[in-house]
>>> print(open('upload_16.txt').read())   # compact mmCIF, C-alpha atoms
# COMPACT_ATOMS: atom_id res chain seq x y z
CA MET K 229 4.78 -27.25 12.45
CA SER K 230 3.03 -24.64 14.52
CA LYS K 231 3.23 -21.16 13.01
CA VAL K 232 2.63 -17.65 14.21
CA ARG K 233 0.31 -16.03 11.71
CA VAL K 234 -1.49 -12.81 10.95
CA ALA K 235 -4.56 -13.38 8.78
CA GLY K 236 -7.56 -11.50 7.47
CA PHE K 237 -5.76 -8.24 8.09
CA SER K 238 -6.79 -5.32 5.87
CA VAL K 239 -4.57 -2.53 4.67
CA SER K 240 -5.75 0.47 2.68
CA LEU K 241 -4.01 1.61 -0.51
CA ASP K 242 -2.37 4.33 1.57
CA GLY K 243 -1.15 1.88 4.19
CA PHE K 244 -3.66 2.10 7.05
CA SER K 245 -5.11 -0.86 8.97
CA ALA K 246 -7.50 1.08 11.18
CA GLY K 247 -9.02 4.52 11.32
CA ILE K 248 -8.47 7.20 13.92
CA GLU K 249 -10.49 7.78 17.09
CA GLN K 250 -11.51 4.25 18.04
CA SER K 251 -14.62 4.24 20.23
CA LEU K 252 -17.45 1.96 21.30
CA ASP K 253 -19.28 3.02 18.15
CA ASP K 254 -16.20 2.67 15.95
CA PRO K 255 -14.21 -0.40 17.08
CA LEU K 256 -12.12 -0.11 13.90
CA GLY K 257 -11.74 3.66 14.13
CA LYS K 258 -13.41 6.18 11.87
CA ARG K 259 -14.21 4.74 8.43
CA GLY K 260 -12.56 1.51 9.61
CA THR K 261 -15.44 -0.59 8.29
CA GLU K 262 -14.46 0.46 4.75
CA LEU K 263 -11.40 -1.75 5.20
CA PHE K 264 -13.52 -4.88 5.60
CA GLN K 265 -16.00 -4.74 2.73
CA TRP K 266 -14.29 -7.88 1.37
CA TYR K 267 -15.22 -9.69 4.58
CA PHE K 268 -18.74 -8.67 5.54
CA HIS K 269 -20.41 -10.38 2.58
CA THR K 270 -18.84 -13.80 3.22
CA ARG K 271 -20.52 -16.78 4.85
CA SER K 272 -17.53 -17.00 7.20
CA PHE K 273 -18.35 -13.59 8.60
CA CYS K 274 -22.10 -14.16 8.74
CA SER K 275 -21.86 -17.53 10.49
CA MET K 276 -19.32 -16.15 12.97
CA HIS K 277 -22.05 -13.75 14.05
CA GLY K 278 -24.78 -16.35 14.06
CA ALA K 279 -26.37 -15.12 10.85
CA GLU K 280 -27.52 -17.10 7.83
CA GLY K 281 -26.32 -16.54 4.30
CA GLY K 282 -23.23 -14.92 2.86
CA THR K 283 -21.16 -15.81 -0.19
CA THR K 284 -19.33 -19.12 -0.26
CA GLY K 285 -16.36 -20.47 -2.16
CA ASP K 286 -15.40 -17.12 -3.65
CA VAL K 287 -11.91 -15.72 -3.13
CA ASP K 288 -13.01 -13.52 -0.22
CA ASP K 289 -14.78 -16.33 1.60
CA VAL K 290 -11.88 -18.77 1.08
CA PHE K 291 -9.47 -16.29 2.66
CA ALA K 292 -11.96 -15.39 5.39
CA GLU K 293 -12.26 -19.05 6.33
CA ARG K 294 -8.50 -19.58 6.29
CA ALA K 295 -8.16 -16.53 8.53
CA MET K 296 -9.90 -18.35 11.39
CA ALA K 297 -8.85 -21.97 10.72
CA ASN K 298 -6.28 -24.10 12.56
CA PHE K 299 -5.57 -21.65 15.37
CA GLY K 300 -5.10 -23.01 18.89
CA ALA K 301 -4.63 -19.62 20.55
CA PHE K 302 -4.97 -15.92 19.80
CA ILE K 303 -3.10 -12.79 20.85
CA LEU K 304 -4.78 -9.38 20.78
CA GLY K 305 -3.54 -5.93 21.55
CA ARG K 306 -5.55 -4.36 24.34
CA ASN K 307 -7.30 -1.98 21.94
CA MET K 308 -8.66 -4.97 20.03
CA PHE K 309 -10.51 -5.94 23.19
CA THR K 310 -11.78 -2.56 24.32
CA ALA K 311 -11.93 1.14 23.50
CA GLU K 312 -11.10 1.87 27.15
CA ARG K 313 -7.58 3.13 27.92
CA GLY K 314 -5.60 3.00 31.16
CA PRO K 315 -6.64 0.97 34.24
CA TRP K 316 -9.65 -1.35 33.91
CA ARG K 317 -12.64 0.59 35.15
CA ASP K 318 -15.62 -1.32 33.77
CA PRO K 319 -15.58 -4.96 34.92
CA SER K 320 -18.76 -5.64 32.96
CA TRP K 321 -16.93 -5.12 29.64
CA LYS K 322 -16.11 -8.51 28.16
CA GLY K 323 -15.04 -7.53 24.64
CA TRP K 324 -16.97 -6.52 21.54
CA TRP K 325 -18.28 -9.97 20.79
CA GLY K 326 -20.99 -10.82 23.34
CA ASP K 327 -21.07 -13.96 25.50
CA ASN K 328 -19.71 -16.31 22.85
CA PRO K 329 -16.71 -14.68 21.13
CA PRO K 330 -15.51 -16.05 17.77
CA TYR K 331 -12.16 -17.30 19.09
CA HIS K 332 -13.21 -20.56 20.79
CA ALA K 333 -9.69 -20.89 22.21
CA PRO K 334 -7.43 -19.27 24.79
CA THR K 335 -7.00 -15.62 23.83
CA PHE K 336 -4.20 -13.54 25.32
CA VAL K 337 -4.77 -9.80 25.62
CA LEU K 338 -1.68 -7.58 25.94
CA THR K 339 -2.15 -4.96 28.62
CA HIS K 340 -0.25 -2.97 31.22
CA TYR K 341 -3.01 -3.55 33.77
CA PRO K 342 -3.61 -6.91 35.47
CA ARG K 343 -7.07 -8.44 35.31
CA ALA K 344 -8.41 -11.87 36.21
CA PRO K 345 -9.10 -14.24 33.29
CA LEU K 346 -12.56 -14.13 31.73
CA VAL K 347 -14.10 -17.48 30.89
CA MET K 348 -16.58 -17.01 28.08
CA GLU K 349 -18.99 -19.38 26.35
CA GLY K 350 -17.81 -21.52 23.46
CA GLY K 351 -14.25 -22.17 24.59
CA THR K 352 -12.86 -18.64 24.62
CA THR K 353 -10.99 -17.56 27.73
CA PHE K 354 -9.46 -14.11 27.80
CA HIS K 355 -6.14 -14.03 29.64
CA PHE K 356 -4.66 -10.61 30.40
CA VAL K 357 -0.89 -10.61 29.99
CA THR K 358 1.23 -7.84 31.51
CA GLY K 359 4.67 -9.31 30.76
CA GLY K 360 4.99 -8.20 27.15
CA ILE K 361 4.80 -9.78 23.71
CA ALA K 362 7.33 -12.58 24.27
CA GLU K 363 5.55 -13.79 27.39
CA ALA K 364 2.19 -13.68 25.63
CA LEU K 365 3.59 -15.71 22.73
CA ALA K 366 5.12 -18.31 25.06
CA LEU K 367 1.77 -18.72 26.82
CA ALA K 368 -0.12 -18.84 23.51
CA ARG K 369 2.23 -21.43 21.97
CA LYS K 370 1.79 -23.68 24.96
CA ALA K 371 -1.97 -23.24 24.95
CA ALA K 372 -2.16 -23.86 21.20
CA ALA K 373 -0.76 -27.38 21.66
CA GLY K 374 0.69 -27.68 18.18
CA LYS K 375 -1.86 -25.59 16.32
CA ASP K 376 -1.01 -22.13 14.97
CA VAL K 377 -1.05 -18.94 17.02
CA LYS K 378 -2.86 -15.97 15.51
CA ILE K 379 -1.72 -12.42 16.15
CA GLY K 380 -5.14 -10.84 15.78
CA GLY K 381 -3.99 -7.21 15.79
CA GLY K 382 -4.15 -4.30 15.91
CA ALA K 383 -1.52 -2.74 13.73
CA ALA K 384 0.75 -1.71 16.63
CA THR K 385 0.73 -5.25 18.00
CA VAL K 386 1.47 -6.76 14.58
CA ARG K 387 4.34 -4.30 14.09
CA GLN K 388 5.84 -5.22 17.46
CA TYR K 389 5.76 -8.94 16.68
CA LEU K 390 7.14 -8.36 13.18
CA LYS K 391 10.04 -6.24 14.47
CA ALA K 392 10.86 -8.93 16.98
CA GLY K 393 11.02 -11.47 14.14
CA LEU K 394 8.27 -13.57 15.70
CA ILE K 395 5.79 -13.81 12.81
CA ASP K 396 6.00 -16.52 10.13
CA SER K 397 3.15 -15.58 7.80
CA LEU K 398 0.72 -12.76 7.05
CA HIS K 399 -2.44 -12.73 4.95
CA LEU K 400 -3.23 -9.15 4.02
CA ALA K 401 -6.25 -7.86 2.15
CA SER K 402 -5.12 -4.83 0.17
CA VAL K 403 -8.29 -2.77 -0.25
CA PRO K 404 -9.07 0.07 -2.68
CA VAL K 405 -9.66 2.63 0.02
CA LEU K 406 -7.91 5.92 0.85
CA LEU K 407 -8.18 6.23 4.59
CA GLY K 408 -5.87 9.25 4.85
CA GLN K 409 -5.32 8.90 8.58
CA GLY K 410 -5.14 6.02 11.00
CA GLU K 411 -2.88 3.19 12.09
CA LEU K 412 -0.09 2.50 9.59
CA LEU K 413 0.84 -1.15 9.26
CA PHE K 414 4.30 -0.97 7.66
CA ASP K 415 5.59 2.21 9.30
CA GLY K 416 9.32 1.80 9.92
CA LEU K 417 9.27 -1.87 8.95
CA ASP K 418 11.51 -3.42 6.31
CA LEU K 419 9.65 -6.63 5.50
CA HIS K 420 12.19 -7.52 2.82
CA ALA K 421 15.06 -7.36 5.30
CA LEU K 422 12.92 -9.38 7.72
CA GLY K 423 12.90 -12.15 5.11
CA PHE K 424 9.34 -11.93 3.82
CA HIS K 425 8.30 -12.70 0.26
CA ILE K 426 4.88 -12.58 -1.34
CA THR K 427 3.96 -16.19 -1.96
CA GLU K 428 0.33 -15.89 -3.04
CA ARG K 429 -1.88 -13.24 -4.64
CA GLN K 430 -5.55 -13.40 -5.63
CA GLY K 431 -7.92 -10.59 -6.50
CA SER K 432 -11.63 -10.23 -5.83
CA ASP K 433 -14.08 -7.42 -6.50
CA TYR K 434 -13.29 -6.06 -3.04
CA ALA K 435 -9.62 -6.69 -2.34
CA THR K 436 -6.35 -8.13 -3.49
CA HIS K 437 -5.42 -10.92 -1.10
CA LEU K 438 -1.71 -11.43 -0.54
CA VAL K 439 0.16 -13.96 1.56
CA LEU K 440 3.58 -12.95 2.88
CA GLU K 441 5.85 -15.65 4.23
CA LYS K 442 9.34 -16.02 5.48
CA THR K 443 10.82 -18.24 2.83
CA LEU K 444 14.23 -19.64 2.11
CA LEU K 445 14.53 -17.90 -1.26
CA GLU K 446 17.98 -16.51 -1.91
CA LYS K 447 18.22 -12.94 -0.70
CA THR K 448 18.43 -10.27 -3.41
CA MET F 69 -10.55 20.39 -19.79
CA SER F 70 -6.83 20.13 -19.34
CA LYS F 71 -5.83 18.05 -16.32
CA VAL F 72 -2.71 17.55 -14.29
CA ARG F 73 -2.16 13.81 -14.08
CA VAL F 74 0.16 11.23 -12.65
CA ALA F 75 0.03 7.96 -14.60
CA GLY F 76 1.84 4.67 -14.84
CA PHE F 77 3.21 5.20 -11.37
CA SER F 78 4.05 2.05 -9.41
CA VAL F 79 3.81 1.59 -5.68
CA SER F 80 4.89 -1.50 -3.79
CA LEU F 81 2.67 -3.22 -1.22
CA ASP F 82 4.75 -1.51 1.47
CA GLY F 83 4.34 1.91 -0.13
CA PHE F 84 7.54 2.53 -2.07
CA SER F 85 7.75 4.01 -5.58
CA ALA F 86 11.51 3.69 -6.06
CA GLY F 87 14.40 1.87 -4.45
CA ILE F 88 17.33 3.34 -2.57
CA GLU F 89 20.69 4.37 -4.04
CA GLN F 90 19.73 5.55 -7.50
CA SER F 91 22.69 5.37 -9.89
CA LEU F 92 23.47 5.22 -13.60
CA ASP F 93 23.04 1.45 -13.39
CA ASP F 94 19.87 1.70 -11.27
CA PRO F 95 17.77 4.63 -12.54
CA LEU F 96 14.88 3.39 -10.37
CA GLY F 97 17.06 2.65 -7.36
CA LYS F 98 17.95 -0.79 -6.09
CA ARG F 99 15.34 -3.41 -7.03
CA GLY F 100 13.35 -0.57 -8.62
CA THR F 101 12.74 -2.62 -11.77
CA GLU F 102 10.64 -5.03 -9.68
CA LEU F 103 8.06 -2.24 -9.49
CA PHE F 104 7.55 -2.22 -13.26
CA GLN F 105 7.09 -5.89 -14.19
CA TRP F 106 3.53 -4.97 -15.22
CA TYR F 107 4.96 -2.53 -17.77
CA PHE F 108 7.97 -4.18 -19.41
CA HIS F 109 5.94 -6.87 -21.19
CA THR F 110 3.54 -4.45 -22.89
CA ARG F 111 3.67 -3.31 -26.49
CA SER F 112 3.50 0.28 -25.23
CA PHE F 113 6.80 -0.18 -23.45
CA CYS F 114 8.46 -2.10 -26.27
CA SER F 115 7.46 0.37 -28.98
CA MET F 116 8.54 3.30 -26.81
CA HIS F 117 12.01 1.80 -26.93
CA GLY F 118 11.88 1.01 -30.64
CA ALA F 119 11.40 -2.72 -30.10
CA GLU F 120 8.90 -5.07 -31.74
CA GLY F 121 6.38 -7.19 -29.87
CA GLY F 122 4.88 -6.93 -26.42
CA THR F 123 1.40 -7.78 -25.21
CA THR F 124 -1.53 -5.75 -26.53
CA GLY F 125 -5.02 -5.03 -25.31
CA ASP F 126 -4.50 -6.60 -21.90
CA VAL F 127 -5.12 -4.58 -18.75
CA ASP F 128 -1.44 -3.71 -18.33
CA ASP F 129 -1.06 -2.52 -21.92
CA VAL F 130 -4.26 -0.49 -21.82
CA PHE F 131 -3.05 1.36 -18.73
CA ALA F 132 0.47 1.69 -20.15
CA GLU F 133 -0.94 3.32 -23.27
CA ARG F 134 -3.19 5.66 -21.28
CA ALA F 135 -0.15 6.61 -19.20
CA MET F 136 1.45 8.29 -22.20
CA ALA F 137 -1.63 9.50 -24.12
CA ASN F 138 -3.03 13.03 -24.44
CA PHE F 139 -0.17 14.82 -22.72
CA GLY F 140 1.01 18.15 -24.09
CA ALA F 141 3.81 18.67 -21.58
CA PHE F 142 5.69 16.80 -18.86
CA ILE F 143 7.23 17.74 -15.53
CA LEU F 144 10.04 15.68 -14.03
CA GLY F 145 11.95 15.95 -10.79
CA ARG F 146 15.63 16.38 -11.41
CA ASN F 147 16.40 12.82 -10.27
CA MET F 148 14.13 11.50 -13.00
CA PHE F 149 16.50 13.09 -15.50
CA THR F 150 19.85 12.17 -13.98
CA ALA F 151 21.59 10.36 -11.14
CA GLU F 152 23.89 13.36 -10.76
CA ARG F 153 23.33 15.61 -7.74
CA GLY F 154 24.32 19.25 -7.22
CA PRO F 155 25.57 21.58 -9.99
CA TRP F 156 25.51 20.26 -13.55
CA ARG F 157 28.96 18.85 -14.25
CA ASP F 158 28.48 16.62 -17.28
CA PRO F 159 27.04 18.62 -20.23
CA SER F 160 27.03 15.48 -22.37
CA TRP F 161 24.29 13.92 -20.17
CA LYS F 162 20.97 14.31 -21.92
CA GLY F 163 18.79 12.00 -19.84
CA TRP F 164 18.39 8.22 -19.72
CA TRP F 165 16.56 7.92 -23.00
CA GLY F 166 19.05 8.53 -25.85
CA ASP F 167 18.60 11.07 -28.66
CA ASN F 168 14.84 10.56 -29.04
CA PRO F 169 13.19 10.54 -25.60
CA PRO F 170 9.67 9.13 -25.24
CA TYR F 171 8.05 12.47 -24.31
CA HIS F 172 7.75 14.11 -27.74
CA ALA F 173 6.68 17.34 -26.04
CA PRO F 174 8.10 20.11 -23.88
CA THR F 175 9.43 18.54 -20.69
CA PHE F 176 10.17 20.67 -17.65
CA VAL F 177 12.85 19.45 -15.25
CA LEU F 178 12.78 20.82 -11.68
CA THR F 179 16.26 21.78 -10.52
CA HIS F 180 18.09 24.23 -8.31
CA TYR F 181 20.77 24.72 -10.99
CA PRO F 182 20.16 26.66 -14.22
CA ARG F 183 20.92 24.96 -17.51
CA ALA F 184 20.16 25.88 -21.12
CA PRO F 185 17.28 24.00 -22.78
CA LEU F 186 18.12 20.77 -24.59
CA VAL F 187 16.38 20.25 -27.91
CA MET F 188 16.14 16.53 -28.60
CA GLU F 189 14.88 14.54 -31.58
CA GLY F 190 11.18 13.71 -31.90
CA GLY F 191 9.73 16.83 -30.35
CA THR F 192 11.12 16.61 -26.81
CA THR F 193 12.79 19.73 -25.42
CA PHE F 194 14.08 19.62 -21.86
CA HIS F 195 13.60 22.94 -20.05
CA PHE F 196 15.33 23.35 -16.71
CA VAL F 197 13.15 25.26 -14.24
CA THR F 198 14.65 26.78 -11.11
CA GLY F 199 11.59 28.69 -9.90
CA GLY F 200 9.79 25.80 -8.18
CA ILE F 201 6.78 23.59 -8.82
CA ALA F 202 4.21 26.34 -9.43
CA GLU F 203 6.38 28.02 -12.06
CA ALA F 204 7.05 24.69 -13.76
CA LEU F 205 3.31 23.94 -13.85
CA ALA F 206 2.48 27.37 -15.28
CA LEU F 207 5.05 26.84 -18.04
CA ALA F 208 3.85 23.31 -18.70
CA ARG F 209 0.17 24.29 -18.84
CA LYS F 210 0.95 26.96 -21.40
CA ALA F 211 3.12 24.62 -23.45
CA ALA F 212 0.48 21.86 -23.32
CA ALA F 213 -2.00 24.10 -25.16
CA GLY F 214 -5.12 22.43 -23.81
CA LYS F 215 -3.76 18.90 -23.50
CA ASP F 216 -3.02 17.34 -20.11
CA VAL F 217 0.17 17.90 -18.13
CA LYS F 218 1.87 14.81 -16.76
CA ILE F 219 3.79 14.88 -13.49
CA GLY F 220 6.24 12.13 -14.40
CA GLY F 221 7.79 11.70 -10.96
CA GLY F 222 9.65 10.82 -8.88
CA ALA F 223 7.85 10.26 -5.64
CA ALA F 224 9.13 13.45 -3.97
CA THR F 225 7.92 15.55 -6.91
CA VAL F 226 4.50 13.87 -6.92
CA ARG F 227 4.18 14.43 -3.18
CA GLN F 228 5.01 18.12 -3.56
CA TYR F 229 2.36 18.61 -6.25
CA LEU F 230 -0.20 16.62 -4.26
CA LYS F 231 0.39 18.64 -1.09
CA ALA F 232 -0.03 21.83 -3.09
CA GLY F 233 -3.40 20.55 -4.35
CA LEU F 234 -2.25 20.73 -7.97
CA ILE F 235 -2.95 17.18 -9.15
CA ASP F 236 -6.34 16.10 -10.55
CA SER F 237 -5.81 12.41 -11.20
CA LEU F 238 -3.39 9.57 -10.47
CA HIS F 239 -3.10 6.15 -12.05
CA LEU F 240 -1.18 3.90 -9.68
CA ALA F 241 -0.06 0.33 -10.27
CA SER F 242 -0.10 -1.42 -6.91
CA VAL F 243 2.44 -4.21 -7.27
CA PRO F 244 2.97 -7.35 -5.16
CA VAL F 245 6.48 -6.43 -4.11
CA LEU F 246 8.02 -5.78 -0.70
CA LEU F 247 10.72 -3.22 -1.34
CA GLY F 248 11.48 -2.59 2.33
CA GLN F 249 13.36 0.65 1.69
CA GLY F 250 13.12 3.46 -0.82
CA GLU F 251 10.97 6.43 -1.72
CA LEU F 252 7.58 6.41 -0.01
CA LEU F 253 4.75 7.81 -2.10
CA PHE F 254 2.09 8.56 0.53
CA ASP F 255 4.34 9.60 3.41
CA GLY F 256 2.60 12.37 5.35
CA LEU F 257 -0.15 12.71 2.75
CA ASP F 258 -3.87 12.51 3.49
CA LEU F 259 -5.33 11.77 0.05
CA HIS F 260 -8.83 11.52 1.52
CA ALA F 261 -8.61 15.03 2.95
CA LEU F 262 -7.18 16.19 -0.38
CA GLY F 263 -10.45 15.05 -1.97
CA PHE F 264 -9.33 11.94 -3.80
CA HIS F 265 -11.48 8.87 -4.37
CA ILE F 266 -10.69 5.64 -6.12
CA THR F 267 -12.74 5.72 -9.30
CA GLU F 268 -11.39 2.69 -11.17
CA ARG F 269 -9.74 -0.61 -10.27
CA GLN F 270 -8.58 -3.45 -12.51
CA GLY F 271 -6.26 -6.32 -11.73
CA SER F 272 -3.75 -8.11 -13.93
CA ASP F 273 -1.27 -10.91 -13.23
CA TYR F 274 1.30 -8.25 -12.38
CA ALA F 275 -0.49 -5.38 -10.67
CA THR F 276 -3.73 -3.89 -9.46
CA HIS F 277 -4.33 -0.71 -11.42
CA LEU F 278 -6.16 2.05 -9.57
CA VAL F 279 -7.27 5.48 -10.69
CA LEU F 280 -7.58 8.18 -8.01
CA GLU F 281 -9.46 11.32 -8.88
CA LYS F 282 -10.69 14.43 -7.20
CA THR F 283 -14.43 13.96 -7.40
CA LEU F 284 -17.45 15.79 -6.17
CA LEU F 285 -18.70 12.89 -4.05
CA GLU F 286 -20.05 13.94 -0.70
CA LYS F 287 -17.34 13.92 1.93
CA THR F 288 -17.61 11.23 4.60
>>> encode(input="upload_16.txt", output="structure tokens")
Amino acid sequence: MSKVRVAGFSVSLDGFSAGIEQSLDDPLGKRGTELFQWYFHTRSFCSMHGAEGGTTGDVDDVFAERAMANFGAFILGRNMFTAERGPWRDPSWKGWWGDNPPYHAPTFVLTHYPRAPLVMEGGTTFHFVTGGIAEALALARKAAAGKDVKIGGGAATVRQYLKAGLIDSLHLASVPVLLGQGELLFDGLDLHALGFHITERQGSDYATHLVLEKTLLEKT
Amino acid sequence: MSKVRVAGFSVSLDGFSAGIEQSLDDPLGKRGTELFQWYFHTRSFCSMHGAEGGTTGDVDDVFAERAMANFGAFILGRNMFTAERGPWRDPSWKGWWGDNPPYHAPTFVLTHYPRAPLVMEGGTTFHFVTGGIAEALALARKAAAGKDVKIGGGAATVRQYLKAGLIDSLHLASVPVLLGQGELLFDGLDLHALGFHITERQGSDYATHLVLEKTLLEKT
């Protein structure tokens, strides 16, 4: 059955999933790259960016691969697509990823500002959705045609979908980093009350990978 | 050199170090025992409670032992000593631990309500300090006579000492639990700005143990 999943999402020991002051130079916010040390060394990451090499078959790479597999559509918060805020001013901006983004599927960007769809190479089309998270999910589910829908982030978008009860599964990489400031993932969320349990846990040198799922375990 | 340390302190994936609604039946708050599954199976825990057995030499036991070693004095928030709130009403209450508490050293309890010291078996004396965290630390440092001082908890007490810049080192056990509600450890704290770095990390089947220390690494 098609699921709505978050995957490959990092959270620091102190609860942050991105740094402050996102910019063109810092798509993940200040010190945000420290959150993804578990990812950068994997073959999944390297091949996504057209590079050779990278580790294979290790815990990090297995989770990195799962984090992009079996998705038929993606949903991104607007800040995942650009560091620009407010009305679209730069029509030449087509995301951080160049001409051939790593999604290879319809990708719905949440925004308050209408924009025509962007057809990219490799199967990615960016659709700009102004009707809110439920509308974006309905469009993504239809586009996914039975495959899973990935909520790609950022933290605010994940929190909105979690609060609305619309997410089935999360893979988080808990990383040994103290970010101090940034975007909190769990702020004001009661994942226990939302029905989530930790169903999988594996450690690597870089992160502890955890899978959270809504399960039918008896409530405590 | 004598240090002020937090050790053996659990934090759930969603950031909680105790459950809600502490009571005589739930000293750690509701579901609080789920935070300490890494601890209960160790020989350190068993022997502290006069029981035989327990695992030895494994990661959990090594950290459990370190969490009680080389301390010359302890500081506890009042709620670590009792579930009672407000003025002392029950003079027969001498803590959760019976006649021979596991501290075996002077132990300073932060409270707004004066109470005469309680001399227990095995070297523990509970002193009730009404002058605040700095006074308690001054008393504890003196009593520790060169050994370390342990801030035993709870979360609110640890946060106060952290904000005041008075803690040198923390050992946290990051546990795969979603508590959903309870006492947040990092709430409003910027441990990076406070100068902490993660200097040690080891995983077990039950927890990821992390040591945070103020170090002289160059600030990023």
>>> interface_residues(input="upload_16.txt", of="chain F", to="chain K", cutoff="9 Å", atoms="only C-alpha atoms", output="PDB file with C-alpha atoms, keeping the file's coordinate frame")
ATOM      1  CA  LEU F  81       2.670  -3.220  -1.220  1.00  0.00           C
ATOM      2  CA  ASP F  82       4.750  -1.510   1.470  1.00  0.00           C
ATOM      3  CA  GLY F  83       4.340   1.910  -0.130  1.00  0.00           C
ATOM      4  CA  ARG F  99      15.340  -3.410  -7.030  1.00  0.00           C
ATOM      5  CA  SER F 242      -0.100  -1.420  -6.910  1.00  0.00           C
ATOM      6  CA  PRO F 244       2.970  -7.350  -5.160  1.00  0.00           C
ATOM      7  CA  VAL F 245       6.480  -6.430  -4.110  1.00  0.00           C
ATOM      8  CA  LEU F 246       8.020  -5.780  -0.700  1.00  0.00           C
ATOM      9  CA  LEU F 247      10.720  -3.220  -1.340  1.00  0.00           C
ATOM     10  CA  GLY F 248      11.480  -2.590   2.330  1.00  0.00           C
ATOM     11  CA  GLN F 249      13.360   0.650   1.690  1.00  0.00           C
ATOM     12  CA  LEU F 253       4.750   7.810  -2.100  1.00  0.00           C
ATOM     13  CA  PHE F 254       2.090   8.560   0.530  1.00  0.00           C
ATOM     14  CA  ASP F 255       4.340   9.600   3.410  1.00  0.00           C
ATOM     15  CA  LEU F 257      -0.150  12.710   2.750  1.00  0.00           C
ATOM     16  CA  ASP F 258      -3.870  12.510   3.490  1.00  0.00           C
ATOM     17  CA  LEU F 259      -5.330  11.770   0.050  1.00  0.00           C
ATOM     18  CA  HIS F 260      -8.830  11.520   1.520  1.00  0.00           C
ATOM     19  CA  ALA F 261      -8.610  15.030   2.950  1.00  0.00           C
ATOM     20  CA  LEU F 262      -7.180  16.190  -0.380  1.00  0.00           C
ATOM     21  CA  PHE F 264      -9.330  11.940  -3.800  1.00  0.00           C
ATOM     22  CA  HIS F 265     -11.480   8.870  -4.370  1.00  0.00           C
ATOM     23  CA  ILE F 266     -10.690   5.640  -6.120  1.00  0.00           C
ATOM     24  CA  ARG F 269      -9.740  -0.610 -10.270  1.00  0.00           C
ATOM     25  CA  GLY F 271      -6.260  -6.320 -11.730  1.00  0.00           C
ATOM     26  CA  SER F 272      -3.750  -8.110 -13.930  1.00  0.00           C
ATOM     27  CA  ASP F 273      -1.270 -10.910 -13.230  1.00  0.00           C
ATOM     28  CA  THR F 276      -3.730  -3.890  -9.460  1.00  0.00           C
ATOM     29  CA  LEU F 278      -6.160   2.050  -9.570  1.00  0.00           C
ATOM     30  CA  THR F 288     -17.610  11.230   4.600  1.00  0.00           C
TER      31      THR F 288
END
>>> residues_around(input="upload_16.txt", residues="Lys375 in chain K", least_positions_apart="5", cutoff="8 Å", atoms="all atoms listed in the file", output="VMD selection string")
chain K and resid 229 to 231 298 to 301
>>> atom_distance(input="upload_16.txt", atom1="CA of Gln388 in chain K", atom2="CA of Asp376 in chain K")
18.4 Å
>>> atom_distance(input="upload_16.txt", atom1="CA of Ala372 in chain K", atom2="CA of Ala246 in chain K")
27.4 Å
>>> atom_distance(input="upload_16.txt", atom1="CA of Thr335 in chain K", atom2="CA of His269 in chain K")
25.7 Å
>>> residues_around(input="upload_16.txt", residues="Glu293 in chain K", least_positions_apart="2", cutoff="9 Å", atoms="only C-alpha atoms", output="PyMOL selection string")
chain K and resi 236+270-273+288-291+295-297
>>> residues_around(input="upload_16.txt", residues="range 208-210 of chain F", least_positions_apart="5", cutoff="7 Å", atoms="only C-alpha atoms", output="ChimeraX atom specification")
/F:141-142,176,217
>>> residues_around(input="upload_16.txt", residues="Ala362 in chain K", least_positions_apart="3", cutoff="10 Å", atoms="only C-alpha atoms", output="PyMOL selection string")
chain K and resi 359+365-368+389+392+394
>>> residues_around(input="upload_16.txt", residues="Arg157 in chain F", least_positions_apart="5", cutoff="12 Å", atoms="only C-alpha atoms", output="PyMOL selection string")
chain F and resi 150-152+162+181-183
>>> closest_residue(input="upload_16.txt", among="F:Ser78, F:His180, F:Met148, F:Gln105", to="Leu92 in chain F", atoms="only C-alpha atoms")
F:Met148
>>> closest_residue(input="upload_16.txt", among="F:Leu186, F:Gln90, F:Gly122, F:Ile219", to="Arg153 in chain F", atoms="all atoms listed in the file")
F:Gln90
>>> closest_residue(input="upload_16.txt", among="F:Trp156, F:Trp161, F:Phe194, F:Phe84", to="Pro174 in chain F", atoms="all atoms listed in the file")
F:Phe194
>>> closest_residue(input="upload_16.txt", among="F:Asp94, F:Thr283, F:Pro170, F:Glu89", to="Ser115 in chain F", atoms="all atoms listed in the file")
F:Pro170
>>> residues_near_point(input="upload_16.txt", point="(-7.9, -6.0, 14.3)", cutoff="8 Å", atoms="all atoms listed in the file", output="mmCIF file with C-alpha atoms, keeping the file's coordinate frame")
data_model
loop_
_atom_site.group_PDB
_atom_site.id
_atom_site.type_symbol
_atom_site.label_atom_id
_atom_site.label_comp_id
_atom_site.auth_asym_id
_atom_site.auth_seq_id
_atom_site.Cartn_x
_atom_site.Cartn_y
_atom_site.Cartn_z
ATOM 1 C CA PHE K 237 -5.760 -8.240 8.090
ATOM 2 C CA SER K 245 -5.110 -0.860 8.970
ATOM 3 C CA ALA K 246 -7.500 1.080 11.180
ATOM 4 C CA LEU K 256 -12.120 -0.110 13.900
ATOM 5 C CA LEU K 304 -4.780 -9.380 20.780
ATOM 6 C CA MET K 308 -8.660 -4.970 20.030
ATOM 7 C CA GLY K 380 -5.140 -10.840 15.780
ATOM 8 C CA GLY K 381 -3.990 -7.210 15.790
ATOM 9 C CA GLY K 382 -4.150 -4.300 15.910
ATOM 10 C CA ALA K 383 -1.520 -2.740 13.730
#
>>> closest_residue(input="upload_16.txt", among="F:Glu281, F:Val127, F:Arg146, F:Cys114", to="Gly233 in chain F", atoms="only C-alpha atoms")
F:Glu281
